[in-house]
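upload_21.cif (mmCIF, C-alpha atoms) appears below.
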```
data_structure
loop_
_atom_site.label_atom_id
_atom_site.label_comp_id
_atom_site.auth_asym_id
_atom_site.auth_seq_id
_atom_site.Cartn_x
_atom_site.Cartn_y
_atom_site.Cartn_z
CA MET A 82 21.90 15.92 -8.79
CA LYS A 83 18.61 17.56 -7.83
CA LYS A 84 16.68 14.66 -9.33
CA THR A 85 18.72 12.16 -7.27
CA ILE A 86 18.04 14.11 -4.08
CA LEU A 87 14.33 14.29 -4.93
CA VAL A 88 14.18 10.54 -5.58
CA MET A 89 15.95 9.85 -2.28
CA PHE A 90 13.57 12.22 -0.46
CA LEU A 91 10.54 10.50 -1.99
CA PHE A 92 11.89 7.06 -1.08
CA VAL A 93 12.42 8.11 2.54
CA SER A 94 8.96 9.71 2.62
CA PHE A 95 7.34 6.53 1.26
CA SER A 96 9.24 4.44 3.79
CA LEU A 97 7.96 6.58 6.63
CA PHE A 98 4.39 6.25 5.39
CA LEU A 99 4.68 2.49 5.13
CA GLN A 100 3.95 1.89 8.77
CA SER A 101 2.43 -1.51 9.27
CA PHE A 102 0.82 -3.37 12.11
CA ALA A 103 0.64 -7.18 12.29
CA HIS A 104 -2.36 -9.12 13.54
CA PRO A 105 -2.88 -12.90 13.56
CA VAL A 106 -5.64 -14.19 11.30
CA THR A 107 -7.66 -17.38 11.20
CA ALA A 108 -6.63 -20.36 9.11
CA ALA A 109 -9.55 -19.80 6.71
CA THR A 110 -8.10 -16.50 5.44
CA GLU A 111 -6.72 -16.58 1.90
CA THR A 112 -4.01 -14.34 0.51
CA ALA A 113 -5.55 -10.98 -0.38
CA VAL A 114 -4.91 -7.26 -0.73
CA ALA A 115 -7.81 -4.93 0.01
CA TYR A 116 -8.32 -1.18 0.12
CA ALA A 117 -9.13 -0.23 3.72
CA GLY A 118 -9.99 3.45 3.39
CA ILE A 119 -8.34 6.82 3.77
CA LYS A 120 -6.81 7.51 7.15
CA GLU A 121 -4.84 10.40 8.55
CA GLN A 122 -1.62 8.46 7.87
CA GLY A 123 -2.49 7.89 4.21
CA VAL A 124 -4.38 5.45 2.01
CA ALA A 125 -4.75 2.17 3.93
CA PHE A 126 -4.43 -1.33 2.47
CA ASP A 127 -4.83 -4.60 4.36
CA VAL A 128 -2.69 -7.53 3.26
CA THR A 129 -3.60 -11.00 4.57
CA TRP A 130 -2.02 -14.35 3.87
CA ASN A 131 -2.18 -17.92 4.99
CA ASN A 132 1.05 -19.76 4.22
CA HIS A 133 1.94 -22.93 6.07
CA GLU A 134 4.74 -23.79 3.66
CA GLY A 135 7.63 -21.51 4.66
CA SER A 136 8.14 -17.79 4.33
CA THR A 137 6.09 -15.12 2.57
CA GLU A 138 7.61 -12.13 0.78
CA ILE A 139 5.70 -8.86 0.37
CA ILE A 140 6.90 -6.25 -2.11
CA ILE A 141 5.23 -2.91 -2.81
CA LYS A 142 6.33 -1.12 -5.98
CA ASP A 143 5.60 2.39 -7.21
CA LYS A 144 4.44 3.24 -10.74
CA ASP A 145 8.05 3.22 -12.00
CA GLY A 146 8.62 -0.32 -10.72
CA ASN A 147 10.82 0.75 -7.79
CA ALA A 148 10.41 -1.39 -4.68
CA ILE A 149 9.37 0.99 -1.90
CA TYR A 150 8.77 -1.84 0.57
CA ARG A 151 10.15 -5.37 0.76
CA ASN A 152 10.05 -7.79 3.68
CA THR A 153 9.94 -11.54 4.28
CA PHE A 154 7.76 -13.06 7.00
CA THR A 155 7.90 -16.54 8.50
CA GLU A 156 4.51 -16.42 10.26
CA ALA A 157 2.04 -18.89 8.79
CA ALA A 158 -0.93 -16.49 8.84
CA MET A 159 -0.81 -12.73 9.22
CA LYS A 160 -2.63 -9.51 8.50
CA LYS A 161 -0.71 -6.27 7.98
CA ARG A 162 -1.93 -2.77 7.29
CA PHE A 163 0.09 -0.50 5.03
CA TYR A 164 -0.35 3.25 4.67
CA LEU A 165 0.63 4.74 1.32
CA PRO A 166 0.86 8.46 0.58
CA LYS A 167 -2.14 10.21 -0.93
CA GLY A 168 -1.07 11.45 -4.35
CA GLU A 169 -2.84 12.93 -7.31
CA ASN A 170 -2.23 9.93 -9.57
CA GLU A 171 -0.17 7.31 -7.79
CA GLN A 172 0.00 3.67 -8.82
CA TYR A 173 1.17 0.87 -6.54
CA SER A 174 1.66 -2.86 -7.06
CA PHE A 175 1.48 -5.36 -4.20
CA ILE A 176 3.34 -8.60 -4.85
CA ILE A 177 2.94 -11.47 -2.37
CA SER A 178 4.79 -14.71 -2.96
CA ASN A 179 5.89 -17.80 -1.08
CA GLY A 180 8.00 -19.45 -3.77
CA LYS A 181 5.14 -21.57 -5.13
CA LYS A 182 2.32 -19.03 -5.41
CA ARG A 183 2.40 -15.39 -6.43
CA LEU A 184 -0.33 -12.77 -6.13
CA GLU A 185 0.03 -9.35 -7.75
CA LYS A 186 -2.55 -6.60 -7.34
CA LYS A 187 -2.29 -3.10 -8.80
CA PHE A 188 -4.04 0.00 -7.49
CA LEU A 189 -4.35 3.50 -8.91
CA ILE A 190 -4.83 6.19 -6.30
CA SER A 191 -6.32 9.38 -7.66
CA THR A 192 -7.73 12.38 -5.88
CA SER A 193 -10.28 14.87 -7.05
CA PHE A 194 -11.71 18.00 -5.55
CA VAL A 195 -15.26 19.23 -5.93
CA GLU A 196 -15.82 22.95 -6.18
CA THR A 197 -19.22 24.27 -5.17
CA VAL A 198 -20.35 27.71 -6.28
CA ASN A 199 -23.28 29.38 -4.53
CA VAL A 200 -24.93 32.46 -5.99
CA ASN A 201 -27.32 34.44 -3.80
CA GLU A 202 -29.20 37.54 -4.83
CA LEU A 203 -28.54 40.47 -2.54
CA LYS A 204 -31.31 42.98 -1.77
#
```
Rewrite the structure from the file as C-alpha coordinates, please.
Amino acid sequence: MKKTILVMFLFVSFSLFLQSFAHPVTAATETAVAYAGIKEQGVAFDVTWNNHEGSTEIIIKDKDGNAIYRNTFTEAAMKKRFYLPKGENEQYSFIISNGKKRLEKKFLISTSFVETVNVNELK
(Lines of atoms letter the chains of each structure in order from A and count residues from 1; the text may use other names and numbers.)
(Lines give C-alpha, C1' and ligand atoms only; values in the text may rest on other atoms or scores of the structure.)
Protein backbone atom coordinates (compact mmCIF):
# COMPACT_ATOMS: atom_id res chain seq x y z
CA MET A 1 0.00 0.00 0.00
CA LYS A 2 2.80 2.41 0.93
CA LYS A 3 4.64 1.57 -2.28
CA THR A 4 1.51 2.32 -4.34
CA ILE A 5 1.08 5.67 -2.63
CA LEU A 6 4.77 6.48 -3.18
CA VAL A 7 4.52 5.58 -6.88
CA MET A 8 1.41 7.74 -7.25
CA PHE A 9 3.16 10.63 -5.45
CA LEU A 10 6.20 10.34 -7.71
CA PHE A 11 4.01 10.24 -10.82
CA VAL A 12 2.17 13.39 -9.75
CA SER A 13 5.48 15.08 -8.88
CA PHE A 14 6.94 14.20 -12.30
CA SER A 15 3.80 15.48 -14.01
CA LEU A 16 4.09 18.80 -12.21
CA PHE A 17 7.73 19.13 -13.24
CA LEU A 18 6.93 18.39 -16.86
CA GLN A 19 5.91 21.92 -17.65
CA SER A 20 6.44 22.67 -21.31
CA PHE A 21 6.33 25.71 -23.49
CA ALA A 22 5.74 25.56 -27.26
CA HIS A 23 7.52 27.75 -29.79
CA PRO A 24 7.31 27.60 -33.60
CA VAL A 25 10.50 26.58 -35.38
CA THR A 26 11.77 27.01 -38.92
CA ALA A 27 11.24 24.39 -41.59
CA ALA A 28 14.95 23.50 -41.59
CA THR A 29 14.79 22.08 -38.04
CA GLU A 30 15.08 18.30 -37.78
CA THR A 31 13.67 16.14 -35.01
CA ALA A 32 16.00 16.33 -32.03
CA VAL A 33 16.23 16.12 -28.24
CA ALA A 34 18.89 18.23 -26.56
CA TYR A 35 19.95 18.92 -22.99
CA ALA A 36 19.29 22.62 -22.29
CA GLY A 37 20.84 23.05 -18.85
CA ILE A 38 19.80 23.04 -15.23
CA LYS A 39 17.12 25.53 -14.30
CA GLU A 40 15.28 26.26 -11.09
CA GLN A 41 12.37 24.11 -12.33
CA GLY A 42 14.62 21.11 -13.00
CA VAL A 43 16.81 19.66 -15.74
CA ALA A 44 15.74 21.22 -19.05
CA PHE A 45 15.47 19.41 -22.39
CA ASP A 46 14.44 20.95 -25.71
CA VAL A 47 12.50 18.77 -28.13
CA THR A 48 12.14 19.98 -31.73
CA TRP A 49 10.46 18.34 -34.68
CA ASN A 50 9.49 19.06 -38.23
CA ASN A 51 6.63 16.83 -39.37
CA HIS A 52 4.50 17.81 -42.32
CA GLU A 53 2.90 14.37 -42.56
CA GLY A 54 0.31 14.30 -39.76
CA SER A 55 0.66 14.16 -36.01
CA THR A 56 3.69 13.71 -33.77
CA GLU A 57 3.64 11.76 -30.51
CA ILE A 58 6.08 12.51 -27.69
CA ILE A 59 6.54 10.04 -24.85
CA ILE A 60 8.90 10.45 -21.90
CA LYS A 61 9.60 7.30 -19.87
CA ASP A 62 11.40 6.85 -16.57
CA LYS A 63 14.09 4.24 -15.91
CA ASP A 64 11.42 1.60 -15.17
CA GLY A 65 9.75 2.15 -18.55
CA ASN A 66 6.73 3.98 -17.10
CA ALA A 67 5.39 6.75 -19.34
CA ILE A 68 5.53 9.93 -17.26
CA TYR A 69 4.50 12.13 -20.20
CA ARG A 70 2.58 11.36 -23.38
CA ASN A 71 0.99 13.80 -25.82
CA THR A 72 0.18 14.00 -29.53
CA PHE A 73 0.67 17.21 -31.50
CA THR A 74 -0.70 18.16 -34.90
CA GLU A 75 1.56 21.18 -35.50
CA ALA A 76 3.95 20.63 -38.39
CA ALA A 77 6.98 22.16 -36.64
CA MET A 78 7.37 22.84 -32.94
CA LYS A 79 9.85 23.27 -30.14
CA LYS A 80 8.95 22.33 -26.58
CA ARG A 81 10.93 22.57 -23.38
CA PHE A 82 10.52 19.92 -20.72
CA TYR A 83 11.71 20.16 -17.12
CA LEU A 84 12.55 16.87 -15.41
CA PRO A 85 13.31 16.49 -11.71
CA LYS A 86 16.92 16.55 -10.57
CA GLY A 87 17.66 13.15 -9.09
CA GLU A 88 20.77 11.37 -7.94
CA ASN A 89 20.67 8.76 -10.72
CA GLU A 90 17.62 9.25 -12.90
CA GLN A 91 17.27 7.88 -16.42
CA TYR A 92 14.76 9.16 -18.96
CA SER A 93 13.90 8.11 -22.50
CA PHE A 94 12.40 10.51 -25.03
CA ILE A 95 10.46 8.82 -27.82
CA ILE A 96 9.24 10.93 -30.75
CA SER A 97 7.29 9.29 -33.55
CA ASN A 98 4.97 10.22 -36.38
CA GLY A 99 3.96 6.74 -37.52
CA LYS A 100 6.72 6.49 -40.16
CA LYS A 101 9.78 7.68 -38.24
CA ARG A 102 10.79 7.09 -34.64
CA LEU A 103 13.52 8.77 -32.62
CA GLU A 104 14.50 7.50 -29.18
CA LYS A 105 17.09 9.24 -27.01
CA LYS A 106 18.11 8.16 -23.51
CA PHE A 107 19.63 10.39 -20.85
CA LEU A 108 21.13 9.59 -17.46
CA ILE A 109 20.91 12.42 -14.96
CA SER A 110 23.37 12.14 -12.11
CA THR A 111 24.38 14.64 -9.49
CA SER A 112 27.58 14.90 -7.55
CA PHE A 113 28.75 17.17 -4.80
CA VAL A 114 32.27 18.44 -4.30
CA GLU A 115 33.53 18.82 -0.77
CA THR A 116 36.34 21.29 -0.18
CA VAL A 117 38.42 21.11 2.98
CA ASN A 118 40.56 24.09 3.99
CA VAL A 119 43.18 23.77 6.70
CA ASN A 120 44.71 26.95 8.12
CA GLU A 121 47.36 27.12 10.80
CA LEU A 122 46.31 29.20 13.76
CA LYS A 123 48.87 31.31 15.64
Q) Counting all atoms listed in the file, which residues come within 12 Å of (-10.7, 6.2, 1.8), with the point read in the file's coordinates, and could you list them as number ranges by chain? A) A: 115-126, 164-167, 190-192
Would you mind exporting the chosen residues as a tab-separated table (two decimals), in the frame of the given file, restricted to C-alpha atoms?
```tsv
chain	number	residue	atom	x	y	z
A	115	ALA	CA	-7.81	-4.93	0.01
A	116	TYR	CA	-8.32	-1.18	0.12
A	117	ALA	CA	-9.13	-0.23	3.72
A	118	GLY	CA	-9.99	3.45	3.39
A	119	ILE	CA	-8.34	6.82	3.77
A	120	LYS	CA	-6.81	7.51	7.15
A	121	GLU	CA	-4.84	10.40	8.55
A	122	GLN	CA	-1.62	8.46	7.87
A	123	GLY	CA	-2.49	7.89	4.21
A	124	VAL	CA	-4.38	5.45	2.01
A	125	ALA	CA	-4.75	2.17	3.93
A	126	PHE	CA	-4.43	-1.33	2.47
A	164	TYR	CA	-0.35	3.25	4.67
A	165	LEU	CA	0.63	4.74	1.32
A	166	PRO	CA	0.86	8.46	0.58
A	167	LYS	CA	-2.14	10.21	-0.93
A	190	ILE	CA	-4.83	6.19	-6.30
A	191	SER	CA	-6.32	9.38	-7.66
A	192	THR	CA	-7.73	12.38	-5.88
```
Q. Of the residues A:Thr137, A:Thr197, A:Asn132, A:Thr112, which is the one nearest to A:Ser178, using only C-alpha atoms?
A. A:Thr137
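Ranking A:Phe175, A:Lys182, A:Asn201, A:Glu169 by their shortest atom-to-atom distance to A:Asn131, with all atoms listed in the file included, puts A:Lys182 first.
Counting from atom CA of A:Ser174, the distance to atom CA of A:Tyr150 is 10.5 Å.
The residue that comes closest to A:Phe154, out of A:Ile177, A:Leu189, A:Leu184, A:Ile141 and on the basis of all atoms listed in the file, is A:Ile177.
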Q) What does the distance between atom CA of A:Glu138 and atom CA of A:Asn170 come to in Å, to one decimal place? A) 26.3 Å
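Each of A:Glu202, A:Gly135, A:Val128, A:Glu111 was compared to A:Glu156 using all atoms listed in the file, and A:Gly135 turns out to be the nearest.
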Q. Which is closest to A:Arg151 among A:Val114, A:Ile176, A:Asp127, A:Lys187, if we use all atoms listed in the file?
A. A:Ile176
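In this comparison, which uses all atoms listed in the file, the residue of A:Ile139, A:Phe194, A:Val200, A:Lys186 approaching A:Lys160 most closely is A:Ile139.
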Add whatever atoms are absent from stretch 111-130 of chain A to reach N, CA and C atoms, and provide the output as an mmCIF file, in the frame of the given file.
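The result, written out as part.cif:
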```
data_model
loop_
_atom_site.group_PDB
_atom_site.id
_atom_site.type_symbol
_atom_site.label_atom_id
_atom_site.label_comp_id
_atom_site.auth_asym_id
_atom_site.auth_seq_id
_atom_site.Cartn_x
_atom_site.Cartn_y
_atom_site.Cartn_z
ATOM 1 N N GLU A 111 -7.550 -16.392 3.084
ATOM 2 C CA GLU A 111 -6.720 -16.580 1.900
ATOM 3 C C GLU A 111 -5.832 -15.361 1.716
ATOM 4 N N THR A 112 -4.887 -15.465 0.826
ATOM 5 C CA THR A 112 -4.010 -14.340 0.510
ATOM 6 C C THR A 112 -4.834 -13.294 -0.237
ATOM 7 N N ALA A 113 -4.759 -12.048 0.240
ATOM 8 C CA ALA A 113 -5.550 -10.980 -0.380
ATOM 9 C C ALA A 113 -4.946 -9.619 -0.070
ATOM 10 N N VAL A 114 -5.241 -8.668 -0.940
ATOM 11 C CA VAL A 114 -4.910 -7.260 -0.730
ATOM 12 C C VAL A 114 -6.205 -6.495 -0.900
ATOM 13 N N ALA A 115 -6.537 -5.652 0.076
ATOM 14 C CA ALA A 115 -7.810 -4.930 0.010
ATOM 15 C C ALA A 115 -7.624 -3.479 0.448
ATOM 16 N N TYR A 116 -8.282 -2.591 -0.259
ATOM 17 C CA TYR A 116 -8.320 -1.180 0.120
ATOM 18 C C TYR A 116 -9.082 -1.064 1.429
ATOM 19 N N ALA A 117 -8.513 -0.330 2.398
ATOM 20 C CA ALA A 117 -9.130 -0.230 3.720
ATOM 21 C C ALA A 117 -9.538 1.193 4.081
ATOM 22 N N GLY A 118 -9.523 2.106 3.131
ATOM 23 C CA GLY A 118 -9.990 3.450 3.390
ATOM 24 C C GLY A 118 -8.871 4.474 3.478
ATOM 25 N N ILE A 119 -9.289 5.716 3.632
ATOM 26 C CA ILE A 119 -8.340 6.820 3.770
ATOM 27 C C ILE A 119 -8.254 7.174 5.241
ATOM 28 N N LYS A 120 -7.061 7.176 5.757
ATOM 29 C CA LYS A 120 -6.810 7.510 7.150
ATOM 30 C C LYS A 120 -5.916 8.733 7.204
ATOM 31 N N GLU A 121 -5.713 9.243 8.382
ATOM 32 C CA GLU A 121 -4.840 10.400 8.550
ATOM 33 C C GLU A 121 -3.424 10.097 8.062
ATOM 34 N N GLN A 122 -2.965 8.853 8.257
ATOM 35 C CA GLN A 122 -1.620 8.460 7.870
ATOM 36 C C GLN A 122 -1.455 8.281 6.364
ATOM 37 N N GLY A 123 -2.544 8.106 5.648
ATOM 38 C CA GLY A 123 -2.490 7.890 4.210
ATOM 39 C C GLY A 123 -3.586 6.948 3.760
ATOM 40 N N VAL A 124 -3.427 6.396 2.565
ATOM 41 C CA VAL A 124 -4.380 5.450 2.010
ATOM 42 C C VAL A 124 -4.026 4.073 2.574
ATOM 43 N N ALA A 125 -5.004 3.426 3.221
ATOM 44 C CA ALA A 125 -4.750 2.170 3.930
ATOM 45 C C ALA A 125 -5.093 0.955 3.073
ATOM 46 N N PHE A 126 -4.207 -0.046 3.137
ATOM 47 C CA PHE A 126 -4.430 -1.330 2.470
ATOM 48 C C PHE A 126 -4.161 -2.427 3.481
ATOM 49 N N ASP A 127 -5.031 -3.434 3.508
ATOM 50 C CA ASP A 127 -4.830 -4.600 4.360
ATOM 51 C C ASP A 127 -4.339 -5.755 3.497
ATOM 52 N N VAL A 128 -3.248 -6.373 3.941
ATOM 53 C CA VAL A 128 -2.690 -7.530 3.260
ATOM 54 C C VAL A 128 -2.816 -8.714 4.210
ATOM 55 N N THR A 129 -3.457 -9.786 3.756
ATOM 56 C CA THR A 129 -3.600 -11.000 4.570
ATOM 57 C C THR A 129 -3.042 -12.176 3.785
ATOM 58 N N TRP A 130 -2.500 -13.127 4.506
ATOM 59 C CA TRP A 130 -2.020 -14.350 3.870
ATOM 60 C C TRP A 130 -2.074 -15.505 4.827
#
```
